[in-house]
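Okay, structure first, notes after.
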Amino acid sequence: MIVPPYLKKGDTVGIVCPSGFLPAKKVTDGIQMLRSWGYQVRLGKTVGNQYHYFSGTDEERLADLQQMLDDPNIHAILCGRGGYGLSRIIDRISFRRFTKHPKWIIGFSDITVLHAHLYQRVGVASLHAPMLAAFSKKDLSSVFTLQKALAGKQLNHTCSPHTFNRVGTVSGPLIGGNLSLVAHLVGSRSALQTKGAILFLEDIGEYIYNIDRMLIQLKRSGIFNQLGGLVVGGFTDCKDTEIPFGSSAFEVIQHQIKEFDFPVCFDFPVSHDTANVALKHGMPYQLSITNKKVLLKAL
Amino acid sequence: MKRSAFISSLMATGVLSASSITAAAHATKRMPRKWKIPPHLKPGDAIGITCPSGFALEEDVAPAIQYLQSWGLSVVVGNTVGKKDHTFGGTDQERAEDFQNMINRSDLKAILCAHGGYGAVRIIDQLDFSPFKKYPKWVIGFSDITVFHSHLHAYVGVASLHAKMAEGFPSDPSKFEPVQFQALESIRKALFGEPLQYTVPAQVRNRTGEVNGILIGGNLKMIETLAATNSDIDTRDKIFFVEDVGEALYSIDRMFCNLQRSGKLSNLKALIVGSFTNIRPDDPKEPFGKTIYDIVWEQVKSYDYPVCFDFSVGHQKNNVALKCGVPHRLTVTETNAVLTEIQHP
């Protein structure tokens, strides 16, 4: 796994929107913050651009991302927002120049497609971390983890014990992201190979039955068979059917993995909510879960 | 078979052990290349009704029982009909046992699922289809039952019937629309072995052509979530049909990306697009901006096989019986599209 160079003062962060539309006014807080960290900011053409649901046509989004990937004067790429759209262009992106001058690609949600593809097909680490909406929130603690990650500072994350946790210690590459996207990628060339890995999952706005179905898909496609450990993040704003499914999202996950014995922690601060710490996707971590605490430590 | 004996037989064959581990082994198993066609039904034969997914009440299946009896069939109502475990037609254990019982009973010639919803993937790996090798029978349903069609196609090697379920037999025939009669009549014809042929009007976005191929498909969401499992269908050289209900356009687009990226669109004989009903409304501030026709066309424009839109399959009254795993001819012209079962290839 290639680790892109960490950023120095004066380096440039490019902002692009490879998926959904992001109004230009929502970028202001992010630009200010990045500048206050000592970085220059370059806005891609897709920021503020709109083509129906998307931040541009497939060609526009592809060209903008490609340009940022290829430009040696861009030192990191922050995706403006998720939504939907990367699956439409992922197979047309060229990573040839990028692998010669790798840089951190930052985002989550739909950006899970890019993280998985970088891990499986390109071999470059990336940053699962807050996007622009987070820079306008009151609680900036997760945004500051991104600041530290970009600067190359060691990041250890802890969270409170949860009654569903399964204790144990495991080391391995940390991979994952949004459950809907991880499931959607199964069967494609970007599908995650999870042998020995620490998998993290989060999601938003899904029906509980659909979370169950996606977990079964992961299970039946073998993703849990040789998994090192599982980090369950937030499942925000879950929906339920008229007749309730009868379990919570966490109960569904606990049920579907009960036949395995890898360590698991629940309610880790990775989510569509405020708690969404920066995680170096593809890099080795140690996950240690005891009855008293959970520690995810970069190795 | 008594329940205890039944469970121990499942344990003996290993199907109740950790399903995932067997699933991984199965995932590399070679897919069937020929699909055994179950014997067609004769008057006097028996058909079972069961709930492998969501629940159905006894009154929901009463019209179906009457209809099936009027066709000269005797009906065996499974234990799960009338059972309710939250949204399911019984616990996983109860639904698996009821379905397994219907698989095992040599007197049953067909299994009609009562309701879709959700739940088939929770039990599919627990079922032992080995009795189907000697005594294949028609499994009937759609929507969540796509799991069975896919599994029978990819793993077992037996043809099945994509059609309305027991709950879809309307209770008051005086209020039937002609298409509802046609849909029910198509099930009868399919089960009794009368040749099936469907004609739908031309759609301006269709791509013309004539092909022969094995028919397979079903609910798009289910086909996506079966990817890379032991129930994942190989669509190469097939006439492939899809339909869905209640999905947002972006989600339909993403699922078509999955079909494309998992190789399911690249070597088809033809694509049949059924109905996409009750599409979830877009956020008015950012409408998706593409129709179903646009979404499909973007994915198939680089190929040259025939494409037929607005076919009478899906979550709608006009949902005709389609034999999965059986050879068909599809003819798409400027005037119409005709799908014909090839009975003696």
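Going through the structure tokens in order, the chains are called A, B, and so on, while each chain numbers its residues from 1 and the ligands are numbered from 1 in the order shown.
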Using only C-alpha atoms, select each residue of chain B with any atom at most 10 Å away from an atom of chain A, and give the selection as JSON, numbers by chain. {"B": [17, 18, 19, 20, 21, 22, 23, 24, 25, 26, 27, 85, 86, 87, 88, 117, 118, 119, 120, 121, 122, 125, 222, 224, 225, 226, 227, 228, 229, 230, 231, 232, 250, 251, 253, 254, 255, 256, 257, 258, 259, 260, 261, 262, 263, 264, 282, 283, 284, 285, 286, 287, 288, 289, 290, 299]}
Can those selected residues be exported to a file as a JSON list (two decimals), in the first residue's frame so that it contains C-alpha atoms?
[["chain", "number", "residue", "atom", "x", "y", "z"],
["B", 17, "SER", "CA", -24.23, -25.26, 10.34],
["B", 18, "ALA", "CA", -22.58, -21.89, 9.71],
["B", 19, "SER", "CA", -24.05, -21.11, 6.33],
["B", 20, "SER", "CA", -21.44, -18.54, 5.44],
["B", 21, "ILE", "CA", -18.60, -20.99, 5.45],
["B", 22, "THR", "CA", -20.44, -23.32, 3.11],
["B", 23, "ALA", "CA", -21.45, -20.27, 1.05],
["B", 24, "ALA", "CA", -17.83, -19.37, 0.42],
["B", 25, "ALA", "CA", -17.10, -22.88, -0.75],
["B", 26, "HIS", "CA", -20.18, -22.80, -2.93],
["B", 27, "ALA", "CA", -19.23, -19.47, -4.44],
["B", 85, "ASP", "CA", -43.19, -13.00, 13.26],
["B", 86, "HIS", "CA", -42.96, -9.23, 12.93],
["B", 87, "THR", "CA", -42.89, -8.76, 9.14],
["B", 88, "PHE", "CA", -42.05, -12.42, 8.44],
["B", 117, "GLY", "CA", -41.65, -8.61, 1.11],
["B", 118, "TYR", "CA", -38.38, -9.64, 2.69],
["B", 119, "GLY", "CA", -36.94, -12.81, 4.14],
["B", 120, "ALA", "CA", -35.90, -15.35, 1.48],
["B", 121, "VAL", "CA", -32.16, -14.64, 1.81],
["B", 122, "ARG", "CA", -32.41, -15.38, 5.54],
["B", 125, "ASP", "CA", -28.75, -21.44, 2.55],
["B", 222, "MET", "CA", -32.59, -8.73, -5.28],
["B", 224, "GLU", "CA", -27.92, -6.79, -7.00],
["B", 225, "THR", "CA", -27.88, -8.06, -3.43],
["B", 226, "LEU", "CA", -27.21, -11.64, -4.58],
["B", 227, "ALA", "CA", -23.99, -10.58, -6.35],
["B", 228, "ALA", "CA", -20.98, -12.76, -5.50],
["B", 229, "THR", "CA", -23.09, -15.18, -3.43],
["B", 230, "ASN", "CA", -23.82, -18.79, -4.38],
["B", 231, "SER", "CA", -27.18, -17.58, -5.76],
["B", 232, "ASP", "CA", -25.60, -15.11, -8.19],
["B", 250, "TYR", "CA", -30.60, 7.34, -8.35],
["B", 251, "SER", "CA", -30.80, 3.94, -6.68],
["B", 253, "ASP", "CA", -29.15, 3.95, -11.72],
["B", 254, "ARG", "CA", -26.70, 2.68, -9.10],
["B", 255, "MET", "CA", -28.11, -0.85, -9.43],
["B", 256, "PHE", "CA", -27.66, -0.74, -13.19],
["B", 257, "CYS", "CA", -24.05, 0.34, -12.52],
["B", 258, "ASN", "CA", -23.72, -2.77, -10.38],
["B", 259, "LEU", "CA", -25.11, -4.97, -13.17],
["B", 260, "GLN", "CA", -22.67, -3.37, -15.58],
["B", 261, "ARG", "CA", -19.67, -3.54, -13.25],
["B", 262, "SER", "CA", -20.37, -7.15, -12.26],
["B", 263, "GLY", "CA", -20.49, -8.10, -15.95],
["B", 264, "LYS", "CA", -24.21, -8.88, -16.11],
["B", 282, "ASP", "CA", -36.69, 12.95, -6.00],
["B", 283, "ASP", "CA", -35.76, 15.89, -3.85],
["B", 284, "PRO", "CA", -37.42, 18.72, -5.87],
["B", 285, "LYS", "CA", -34.23, 20.80, -5.50],
["B", 286, "GLU", "CA", -32.13, 18.18, -7.24],
["B", 287, "PRO", "CA", -34.24, 15.97, -9.49],
["B", 288, "PHE", "CA", -32.34, 13.03, -10.92],
["B", 289, "GLY", "CA", -33.03, 14.20, -14.46],
["B", 290, "LYS", "CA", -33.08, 10.82, -16.18],
["B", 299, "GLN", "CA", -25.76, 1.14, -19.80]]
Range 144-150 of chain B environment, 10 Å, only C-alpha atoms, sequence neighbours closer than 6 positions dropped, as a ChimeraX atom specification: /B:52-54,113-121,124,156-163,165,216-223,225-226,230-234,323-325
Save out the residues we just selected, C-alpha atoms, as a PDB file, in the first residue's frame.
ATOM      1  CA  PRO B  52     -40.730 -18.002   2.795  1.00  0.00           C
ATOM      2  CA  SER B  53     -40.598 -14.206   3.148  1.00  0.00           C
ATOM      3  CA  GLY B  54     -43.235 -11.811   4.490  1.00  0.00           C
ATOM      4  CA  CYS B 113     -45.221 -18.541  -2.519  1.00  0.00           C
ATOM      5  CA  ALA B 114     -47.892 -16.512  -0.781  1.00  0.00           C
ATOM      6  CA  HIS B 115     -46.174 -13.153  -0.402  1.00  0.00           C
ATOM      7  CA  GLY B 116     -42.889 -11.368  -1.168  1.00  0.00           C
ATOM      8  CA  GLY B 117     -41.647  -8.607   1.112  1.00  0.00           C
ATOM      9  CA  TYR B 118     -38.383  -9.640   2.694  1.00  0.00           C
ATOM     10  CA  GLY B 119     -36.938 -12.814   4.138  1.00  0.00           C
ATOM     11  CA  ALA B 120     -35.902 -15.354   1.482  1.00  0.00           C
ATOM     12  CA  VAL B 121     -32.164 -14.636   1.811  1.00  0.00           C
ATOM     13  CA  ILE B 124     -32.051 -19.907   1.376  1.00  0.00           C
ATOM     14  CA  VAL B 156     -29.573 -26.012  -8.228  1.00  0.00           C
ATOM     15  CA  GLY B 157     -30.111 -26.073 -11.981  1.00  0.00           C
ATOM     16  CA  VAL B 158     -33.903 -26.195 -12.090  1.00  0.00           C
ATOM     17  CA  ALA B 159     -36.366 -23.999 -13.987  1.00  0.00           C
ATOM     18  CA  SER B 160     -38.942 -21.967 -12.028  1.00  0.00           C
ATOM     19  CA  LEU B 161     -41.910 -19.693 -12.576  1.00  0.00           C
ATOM     20  CA  HIS B 162     -41.681 -15.926 -12.120  1.00  0.00           C
ATOM     21  CA  ALA B 163     -45.321 -14.999 -11.592  1.00  0.00           C
ATOM     22  CA  MET B 165     -48.126 -14.996  -5.828  1.00  0.00           C
ATOM     23  CA  ILE B 216     -33.700 -15.459 -16.380  1.00  0.00           C
ATOM     24  CA  GLY B 217     -34.181 -12.405 -14.197  1.00  0.00           C
ATOM     25  CA  GLY B 218     -36.497 -10.821 -11.653  1.00  0.00           C
ATOM     26  CA  ASN B 219     -36.340  -8.051  -9.125  1.00  0.00           C
ATOM     27  CA  LEU B 220     -33.383  -5.748  -9.759  1.00  0.00           C
ATOM     28  CA  LYS B 221     -32.673  -5.037  -6.081  1.00  0.00           C
ATOM     29  CA  MET B 222     -32.586  -8.729  -5.283  1.00  0.00           C
ATOM     30  CA  ILE B 223     -30.321  -9.500  -8.230  1.00  0.00           C
ATOM     31  CA  THR B 225     -27.876  -8.061  -3.426  1.00  0.00           C
ATOM     32  CA  LEU B 226     -27.212 -11.638  -4.585  1.00  0.00           C
ATOM     33  CA  ASN B 230     -23.819 -18.785  -4.378  1.00  0.00           C
ATOM     34  CA  SER B 231     -27.182 -17.579  -5.765  1.00  0.00           C
ATOM     35  CA  ASP B 232     -25.596 -15.109  -8.195  1.00  0.00           C
ATOM     36  CA  ILE B 233     -26.833 -15.712 -11.744  1.00  0.00           C
ATOM     37  CA  ASP B 234     -24.627 -15.879 -14.801  1.00  0.00           C
ATOM     38  CA  LYS B 323     -40.388 -19.467 -17.036  1.00  0.00           C
ATOM     39  CA  CYS B 324     -36.873 -18.858 -15.706  1.00  0.00           C
ATOM     40  CA  GLY B 325     -34.273 -21.309 -16.996  1.00  0.00           C
TER      41      GLY B 325
END
Alpha helix (DSSP H) positions in range 18-255 of chain A, given as an MDAnalysis selection string: chainID A and resid 28:36 58:70 86:89 96:100 112:117 141:150 179:185 208:220 249:255
Could you please write out, as a count of residues only, every residue of range 59-299 of chain A that DSSP assigns to strand (DSSP E)? 57
